[in-house]
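Notes for the one structure printed next.
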Amino acid sequence: MSRTRSLATPIRKMILPPSPTPCVSHWQATNRGPTSLFGHNALPSVRIPERADLVIIGGGTMGASLAYFLTRQNDWAGRSMVVLEARDVASGASGRNGGHIGPSTSEAFIKHQKPIGQGGSGVSEAESVRIVQSEIENLDIIDEVIKREKFDVDFWCGELCEVHESKRSSDVHKEGYQNWLRARQAHGVTGEHRTTLITDSTEAQKISRFPHAHSVQLRPAASVHSHRLCTALLQAAIASPNCDLFTHAPVQSLEKGVHGMWQIDTPRGCISAGKVVLCTNAYTKNFFDGTTEEEELLHSHIRPAYAQCSLITPPPSYSGLNALQKTYNMDGDFYLIQTPSGGMVLGGWDMPLVPGNEVKRYQRVGNEDDGALMPIWTECKSTSFLANYCRTRFAGWGQELPGEGATRTWSGLMTDSKDALPLVGAVPGKDGMYISAGFHGHGQSRIFIIAKHLAAALAAEEYSYPSSLPESFNVTVDRLERSRHVETEMDRYTDLTEEEMQDVALQAETMMR
């Protein structure tokens, strides 16, 4: 069977839109003023242009960054671009994350070399080094953009404290750290790695304020008001005379027309474009209905994954001069930042909630409802996991007065891929269609470098995959085929049996010791 469909065949008759009733995050709630782009070009009477050279579908940080970098490309001058957003700007994961730009180092270096069926990406040591290095470069890129453009986005740049709370976790990270440093040198990475591993538990506990820390790793990181950053990037892009943004314009269908142009249909009109870029993250699989072998490759490779975050108003023991001076990564894929004035934002995965069967995997993997909140996270302030996290982890947290502790909780949709890597580049068999999605809840540590180099590739006379990006991000048939029949974590955890749930519970219990 040919792997290339007829270009006149529609991708999908009707594309499912995002939830019309999402909950509201801390970031979204604090950026609704007249300069926020809230409801920008949203009125039904505002018609979408009939034609553009390029259409970006998705008004989150990926779409915003791509639009920003394209408008800064000399090769793009004179060409037109339209950004279509189904709801409001940063209404998806970009406005629901933890505000953390935390490049991974040794942990990711180990993970990406594992086989695909064991939670890894199946890449070589050299490629794993390149993936880690790209995240470090990503931080430098957005740091430079924010400072050059003078964006007012609560950007803070400093140190990340990665806390290892068990001896096993500490030993694994220590070995991985040494192997990563060796591999960097072996594969020609120059420059300082800017990281420190502290294995003395007394010192680790003092630095982290976690009384059970066995070790910590310190490395560069940043935090940001993610909704304001996305807004600022789009505002800078649409200041160009050849770029426009339309919110509340969900794509209903996407098909190749008879003249080789992509026809993008919305409730507010149809626009045709020579190039279309899917920056749709959790909703990407909906653009590939899986009814043919070719589309099934993408449809089955990527899927949404539900998670929740919480805003924590700290007690006096962690306020003012006692406030946290670093961002945090913790065992179990949890992370935390200190905002300049609004408290802490805590987010993470649901592994600790598996014991007792509180969260079933089908409630997480494949869930596209960012309007729902799981009771176990939020139902009771005294018992919910997010409300309890800081008071049970940090030393001397103390009593919480009314109005302190967990004051807002929201949900959001991350996106898992079978090989734990983003999907970037030209979609196989779809001439003129490109994609950048699948960030595994780690988008802010990847998006900016991807957007910068993808923009240059799209602006060039002839597209080729950017050599400045990890080759493993490239969307190819071979890559999708490699993981097609491999059972991965996101497949196994979709619906566990009781016995399997007990096994996972034991793993979670061990992880959280």
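Going by the structure tokens order, chains are called A, B, ..., each with residues numbered from 1, while ligands are numbered from 1 in the order shown.
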task: Could you give me, as a VMD selection string, the residues within 12 Å of Arg72 (chain A), counting only C-alpha atoms and dropping anything in the same chain fewer than 4 positions from it?
output: chain A and resid 65 to 68 76 to 78 145 233 236 to 240 242 to 243 451 to 453 455 to 456 459
Using only N, CA and C atoms, please write the residues we just selected to a file, as a compact mmCIF listing (two decimals), in the first residue's frame.
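Result file again.txt:
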# COMPACT_ATOMS: atom_id res chain seq x y z
N SER A 65 5.16 31.75 19.29
CA SER A 65 6.61 31.84 19.08
C SER A 65 6.96 31.69 17.60
N LEU A 66 6.27 30.78 16.92
CA LEU A 66 6.53 30.59 15.50
C LEU A 66 6.16 31.86 14.72
N ALA A 67 5.01 32.44 15.04
CA ALA A 67 4.60 33.69 14.38
C ALA A 67 5.61 34.79 14.66
N TYR A 68 6.07 34.88 15.89
CA TYR A 68 7.05 35.90 16.26
C TYR A 68 8.33 35.75 15.44
N TRP A 76 11.01 36.11 5.02
CA TRP A 76 9.55 36.04 5.08
C TRP A 76 8.91 37.36 4.66
N ALA A 77 9.67 38.40 4.54
CA ALA A 77 9.13 39.74 4.26
C ALA A 77 8.23 39.74 3.03
N GLY A 78 7.07 40.39 3.18
CA GLY A 78 6.13 40.51 2.07
C GLY A 78 5.13 39.39 1.97
N VAL A 145 15.29 37.01 23.92
CA VAL A 145 14.11 37.63 23.31
C VAL A 145 13.39 38.53 24.31
N LEU A 233 4.35 37.68 22.77
CA LEU A 233 4.90 37.17 21.51
C LEU A 233 3.92 37.41 20.36
N ALA A 236 3.73 41.13 19.46
CA ALA A 236 4.88 41.53 18.64
C ALA A 236 4.72 41.04 17.21
N ALA A 237 4.15 39.84 17.05
CA ALA A 237 3.98 39.28 15.70
C ALA A 237 2.94 40.05 14.90
N ILE A 238 1.78 40.34 15.51
CA ILE A 238 0.71 40.99 14.75
C ILE A 238 0.96 42.49 14.57
N ALA A 239 2.02 43.00 15.20
CA ALA A 239 2.43 44.37 14.91
C ALA A 239 2.99 44.47 13.50
N SER A 240 3.39 43.32 12.95
CA SER A 240 3.82 43.27 11.55
C SER A 240 2.60 43.44 10.65
N ASN A 242 1.85 42.06 7.99
CA ASN A 242 1.49 40.86 7.24
C ASN A 242 1.12 39.68 8.13
N CYS A 243 0.78 39.97 9.40
CA CYS A 243 0.39 38.89 10.32
C CYS A 243 -0.87 39.30 11.06
N ALA A 451 10.76 26.85 17.58
CA ALA A 451 10.13 27.92 16.81
C ALA A 451 11.14 28.73 16.02
N LYS A 452 12.27 29.03 16.64
CA LYS A 452 13.29 29.85 15.96
C LYS A 452 13.80 29.16 14.70
N HIS A 453 14.14 27.89 14.81
CA HIS A 453 14.74 27.20 13.67
C HIS A 453 13.69 26.72 12.67
N ALA A 455 10.98 28.39 12.00
CA ALA A 455 10.63 29.61 11.27
C ALA A 455 11.61 29.86 10.13
N ALA A 456 12.88 29.69 10.40
CA ALA A 456 13.89 29.89 9.35
C ALA A 456 13.70 28.89 8.22
N ALA A 459 10.64 29.84 6.12
CA ALA A 459 10.85 31.06 5.34
C ALA A 459 11.76 30.84 4.14
- request: Using DSSP on the backbone coordinates, identify all residues within region 151-355 of chain A classified as strand (DSSP E or B); present the result as number ranges by chain.
  value: A: 156-164, 196-198, 215-223, 243-246, 253-256, 262-266, 269-278, 302-313, 327-330, 334-338, 344-348
Quick one: write out the picked residues with C-alpha atoms as a compact mmCIF listing (two decimals), in the first residue's frame?
# COMPACT_ATOMS: atom_id res chain seq x y z
CA TRP A 156 12.91 35.48 36.49
CA CYS A 157 16.16 33.68 35.68
CA GLY A 158 18.11 31.83 38.34
CA GLU A 159 18.63 28.31 39.65
CA LEU A 160 16.52 25.17 39.61
CA CYS A 161 16.81 22.87 42.62
CA GLU A 162 16.16 19.25 41.63
CA VAL A 163 15.41 17.32 44.82
CA HIS A 164 16.11 13.58 45.16
CA THR A 196 26.24 21.27 40.49
CA LEU A 197 25.37 17.96 42.15
CA ILE A 198 25.34 18.06 45.95
CA SER A 215 20.87 14.98 47.22
CA VAL A 216 20.07 17.92 44.96
CA GLN A 217 21.18 19.11 41.55
CA LEU A 218 21.39 22.85 40.89
CA ARG A 219 21.23 24.21 37.34
CA PRO A 220 20.02 27.26 35.35
CA ALA A 221 16.26 27.70 34.96
CA ALA A 222 13.61 30.39 34.75
CA SER A 223 10.01 31.14 35.58
CA CYS A 243 0.39 38.89 10.32
CA ASP A 244 -3.05 38.66 11.90
CA LEU A 245 -4.68 36.72 14.71
CA PHE A 246 -8.26 35.45 15.01
CA SER A 253 -12.12 20.84 8.46
CA LEU A 254 -8.78 20.85 6.69
CA GLU A 255 -8.29 19.53 3.20
CA LYS A 256 -6.15 19.94 0.13
CA TRP A 262 -4.86 23.95 1.92
CA GLN A 263 -8.50 24.81 2.60
CA ILE A 264 -9.07 25.62 6.27
CA ASP A 265 -12.74 25.90 7.20
CA THR A 266 -13.95 27.73 10.32
CA GLY A 269 -15.23 31.53 6.85
CA CYS A 270 -12.75 29.48 4.85
CA ILE A 271 -9.14 30.49 4.30
CA SER A 272 -6.74 28.92 1.79
CA ALA A 273 -2.98 28.75 2.27
CA GLY A 274 0.02 27.21 0.62
CA LYS A 275 1.41 26.17 3.99
CA VAL A 276 -0.32 25.22 7.23
CA VAL A 277 1.37 24.51 10.57
CA LEU A 278 -0.37 22.50 13.30
CA ILE A 302 0.24 11.20 20.02
CA ARG A 303 -2.51 11.76 22.55
CA PRO A 304 -3.55 14.22 25.27
CA ALA A 305 -2.73 13.67 28.92
CA TYR A 306 -4.65 15.37 31.73
CA ALA A 307 -2.94 17.03 34.69
CA GLN A 308 -3.64 19.66 37.34
CA CYS A 309 -1.80 22.59 38.91
CA SER A 310 -2.47 24.64 42.01
CA LEU A 311 -1.69 28.13 43.25
CA ILE A 312 -0.31 27.99 46.79
CA THR A 313 -0.38 31.08 48.99
CA THR A 327 12.46 26.87 41.12
CA TYR A 328 12.01 23.18 41.93
CA ASN A 329 11.82 19.76 40.33
CA MET A 330 10.90 16.89 42.63
CA PHE A 334 6.47 17.43 40.22
CA TYR A 335 7.66 21.00 39.89
CA LEU A 336 7.14 24.30 41.68
CA ILE A 337 7.91 27.97 41.09
CA GLN A 338 7.73 31.07 43.27
CA MET A 344 3.73 29.44 44.39
CA VAL A 345 2.53 27.38 41.45
CA LEU A 346 2.72 23.61 41.95
CA GLY A 347 2.16 21.10 39.19
CA GLY A 348 2.91 17.55 38.28
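Take the candidates A:Phe448, A:Trp397, A:Phe473, A:Tyr463 and check each one against Gly432 (chain A) using only C-alpha atoms; the shortest distance goes to A:Tyr463.
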task: Select from region 180-326 of chain A everything DSSP, run on the backbone, classes as alpha helix (DSSP H), then give the selection as a PyMOL selection string.
output: chain A and resi 180-186+201-208+226-238+293-301
Selection to disk with N, CA and C atoms, as an mmCIF file, in the first residue's frame:
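Wrote it out as out16.cif, contents follow:
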data_model
loop_
_atom_site.group_PDB
_atom_site.id
_atom_site.type_symbol
_atom_site.label_atom_id
_atom_site.label_comp_id
_atom_site.auth_asym_id
_atom_site.auth_seq_id
_atom_site.Cartn_x
_atom_site.Cartn_y
_atom_site.Cartn_z
ATOM 1 N N TRP A 180 26.431 11.754 32.040
ATOM 2 C CA TRP A 180 26.098 12.894 31.170
ATOM 3 C C TRP A 180 27.308 13.802 30.970
ATOM 4 N N LEU A 181 28.037 14.098 32.052
ATOM 5 C CA LEU A 181 29.231 14.944 31.926
ATOM 6 C C LEU A 181 30.264 14.290 31.016
ATOM 7 N N ARG A 182 30.451 12.976 31.175
ATOM 8 C CA ARG A 182 31.392 12.257 30.311
ATOM 9 C C ARG A 182 30.953 12.318 28.858
ATOM 10 N N ALA A 183 29.659 12.085 28.620
ATOM 11 C CA ALA A 183 29.140 12.059 27.248
ATOM 12 C C ALA A 183 29.223 13.435 26.590
ATOM 13 N N ARG A 184 28.981 14.495 27.346
ATOM 14 C CA ARG A 184 29.108 15.849 26.786
ATOM 15 C C ARG A 184 30.503 16.051 26.204
ATOM 16 N N GLN A 185 31.488 15.676 26.991
ATOM 17 C CA GLN A 185 32.875 15.844 26.554
ATOM 18 C C GLN A 185 33.185 14.935 25.372
ATOM 19 N N ALA A 186 32.703 13.697 25.440
ATOM 20 C CA ALA A 186 32.985 12.736 24.371
ATOM 21 C C ALA A 186 32.389 13.158 23.041
ATOM 22 N N SER A 201 23.796 14.882 52.235
ATOM 23 C CA SER A 201 22.368 15.023 52.527
ATOM 24 C C SER A 201 22.076 16.216 53.436
ATOM 25 N N THR A 202 22.963 16.502 54.379
ATOM 26 C CA THR A 202 22.744 17.653 55.267
ATOM 27 C C THR A 202 22.729 18.949 54.471
ATOM 28 N N GLU A 203 23.671 19.090 53.562
ATOM 29 C CA GLU A 203 23.729 20.283 52.716
ATOM 30 C C GLU A 203 22.541 20.330 51.761
ATOM 31 N N ALA A 204 22.170 19.165 51.218
ATOM 32 C CA ALA A 204 21.027 19.101 50.299
ATOM 33 C C ALA A 204 19.737 19.526 50.998
ATOM 34 N N GLN A 205 19.568 19.091 52.240
ATOM 35 C CA GLN A 205 18.368 19.457 53.000
ATOM 36 C C GLN A 205 18.349 20.945 53.329
ATOM 37 N N LYS A 206 19.501 21.508 53.613
ATOM 38 C CA LYS A 206 19.589 22.936 53.914
ATOM 39 C C LYS A 206 19.249 23.776 52.687
ATOM 40 N N ILE A 207 19.779 23.397 51.535
ATOM 41 C CA ILE A 207 19.549 24.152 50.301
ATOM 42 C C ILE A 207 18.099 24.036 49.849
ATOM 43 N N SER A 208 17.563 22.814 49.895
ATOM 44 C CA SER A 208 16.223 22.557 49.340
ATOM 45 C C SER A 208 15.096 22.874 50.314
ATOM 46 N N SER A 226 3.256 32.651 32.093
ATOM 47 C CA SER A 226 3.183 32.004 30.778
ATOM 48 C C SER A 226 2.128 32.619 29.867
ATOM 49 N N HIS A 227 1.008 33.055 30.425
ATOM 50 C CA HIS A 227 -0.038 33.651 29.596
ATOM 51 C C HIS A 227 0.407 35.005 29.055
ATOM 52 N N ARG A 228 1.073 35.786 29.889
ATOM 53 C CA ARG A 228 1.551 37.089 29.431
ATOM 54 C C ARG A 228 2.677 36.947 28.412
ATOM 55 N N LEU A 229 3.500 35.921 28.546
ATOM 56 C CA LEU A 229 4.551 35.698 27.553
ATOM 57 C C LEU A 229 3.956 35.349 26.203
ATOM 58 N N CYS A 230 2.991 34.435 26.189
ATOM 59 C CA CYS A 230 2.332 34.058 24.936
ATOM 60 C C CYS A 230 1.678 35.281 24.294
ATOM 61 N N THR A 231 1.018 36.079 25.112
ATOM 62 C CA THR A 231 0.367 37.293 24.621
ATOM 63 C C THR A 231 1.382 38.267 24.036
ATOM 64 N N ALA A 232 2.500 38.454 24.733
ATOM 65 C CA ALA A 232 3.525 39.395 24.272
ATOM 66 C C ALA A 232 4.118 38.964 22.933
ATOM 67 N N LEU A 233 4.354 37.678 22.769
ATOM 68 C CA LEU A 233 4.896 37.171 21.505
ATOM 69 C C LEU A 233 3.918 37.411 20.361
ATOM 70 N N LEU A 234 2.635 37.165 20.605
ATOM 71 C CA LEU A 234 1.631 37.391 19.563
ATOM 72 C C LEU A 234 1.451 38.877 19.269
ATOM 73 N N GLN A 235 1.496 39.699 20.292
ATOM 74 C CA GLN A 235 1.382 41.137 20.064
ATOM 75 C C GLN A 235 2.531 41.642 19.198
ATOM 76 N N ALA A 236 3.727 41.133 19.458
ATOM 77 C CA ALA A 236 4.876 41.530 18.645
ATOM 78 C C ALA A 236 4.724 41.037 17.212
ATOM 79 N N ALA A 237 4.148 39.838 17.046
ATOM 80 C CA ALA A 237 3.977 39.275 15.700
ATOM 81 C C ALA A 237 2.940 40.048 14.901
ATOM 82 N N ILE A 238 1.782 40.335 15.510
ATOM 83 C CA ILE A 238 0.712 40.989 14.752
ATOM 84 C C ILE A 238 0.960 42.486 14.575
ATOM 85 N N GLU A 293 -3.899 3.777 6.778
ATOM 86 C CA GLU A 293 -2.636 3.392 7.406
ATOM 87 C C GLU A 293 -1.754 4.606 7.658
ATOM 88 N N GLU A 294 -1.751 5.544 6.708
ATOM 89 C CA GLU A 294 -0.882 6.704 6.820
ATOM 90 C C GLU A 294 -1.287 7.594 7.998
ATOM 91 N N GLU A 295 -2.586 7.846 8.121
ATOM 92 C CA GLU A 295 -3.037 8.724 9.190
ATOM 93 C C GLU A 295 -3.005 8.033 10.545
ATOM 94 N N GLU A 296 -3.165 6.729 10.545
ATOM 95 C CA GLU A 296 -3.139 5.983 11.800
ATOM 96 C C GLU A 296 -1.780 6.124 12.485
ATOM 97 N N LEU A 297 -0.714 6.257 11.698
ATOM 98 C CA LEU A 297 0.623 6.410 12.265
ATOM 99 C C LEU A 297 0.694 7.620 13.196
ATOM 100 N N LEU A 298 0.174 8.746 12.734
ATOM 101 C CA LEU A 298 0.189 9.948 13.567
ATOM 102 C C LEU A 298 -0.907 9.918 14.631
ATOM 103 N N HIS A 299 -2.077 9.447 14.249
ATOM 104 C CA HIS A 299 -3.217 9.424 15.171
ATOM 105 C C HIS A 299 -2.895 8.601 16.415
ATOM 106 N N SER A 300 -2.190 7.501 16.249
ATOM 107 C CA SER A 300 -1.907 6.615 17.375
ATOM 108 C C SER A 300 -0.613 6.976 18.096
ATOM 109 N N HIS A 301 0.189 7.856 17.499
ATOM 110 C CA HIS A 301 1.493 8.185 18.085
ATOM 111 C C HIS A 301 1.394 9.258 19.166
#
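Considering the residues A:Ser128, A:Asn281, A:Thr195, A:Thr247 and counting only C-alpha atoms, His442 (chain A) has its shortest atom-to-atom contact with A:Asn281.
Of the listed residues (A:Lys167, A:Arg194, A:His214, A:His248), A:His248 comes nearest to Val89 (chain A); the distances count only C-alpha atoms.
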field: Selection near Ala90 (chain A), 10 Å with only C-alpha atoms, sequence-local residues under 5 positions removed, as a list in words
entry: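 With the cut-off at 10 Å, the set is Trp27, Gln28, Leu37, Phe38, Gly58, Gly59, Gly60, Thr61, Met62, Gly63, Ala64, Glu85, Gly95, Arg96, Ser226, His227, Arg228, Leu229, Cys230 and Thr231 of chain A.
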message: Using only C-alpha atoms, which protein or nucleic acid residues come within 6 Å of region 423-427 of chain A? Drop anything in the same chain fewer than 5 positions from it, and give the result as a PyMOL selection string.
response: chain A and resi 433-438+473-475
task: Please indicate the distance in Å from CA of Asp370 (chain A) to CA of Arg393 (chain A), rounded to one decimal place.
output: 27.5 Å
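Nearest-residue note for Ile116 (chain A): choosing from A:Leu43, A:Leu421, A:Val172, A:Ala213, the minimum distance belongs to A:Leu421, counting only C-alpha atoms.
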message: One decimal, in Å: what's the spacing between CA of Met81 (chain A) and CA of Ile56 (chain A)?
response: 7.5 Å
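In terms of minimum interatomic distance to Gln399 (chain A), A:Pro314 ranks closest within A:Pro314, A:Phe210, A:Asn74, A:Gly33, counting only C-alpha atoms.
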message: Restricting the calculation to only C-alpha atoms: of A:Thr30, A:Ser472, A:Gln444, A:Ser483, which residue gets closest to Ile142 (chain A)?
response: A:Gln444
message: What does the structure give for the distance between CA of Gln118 (chain A) and CA of Lys418 (chain A), in Å to one decimal?
response: 10.3 Å
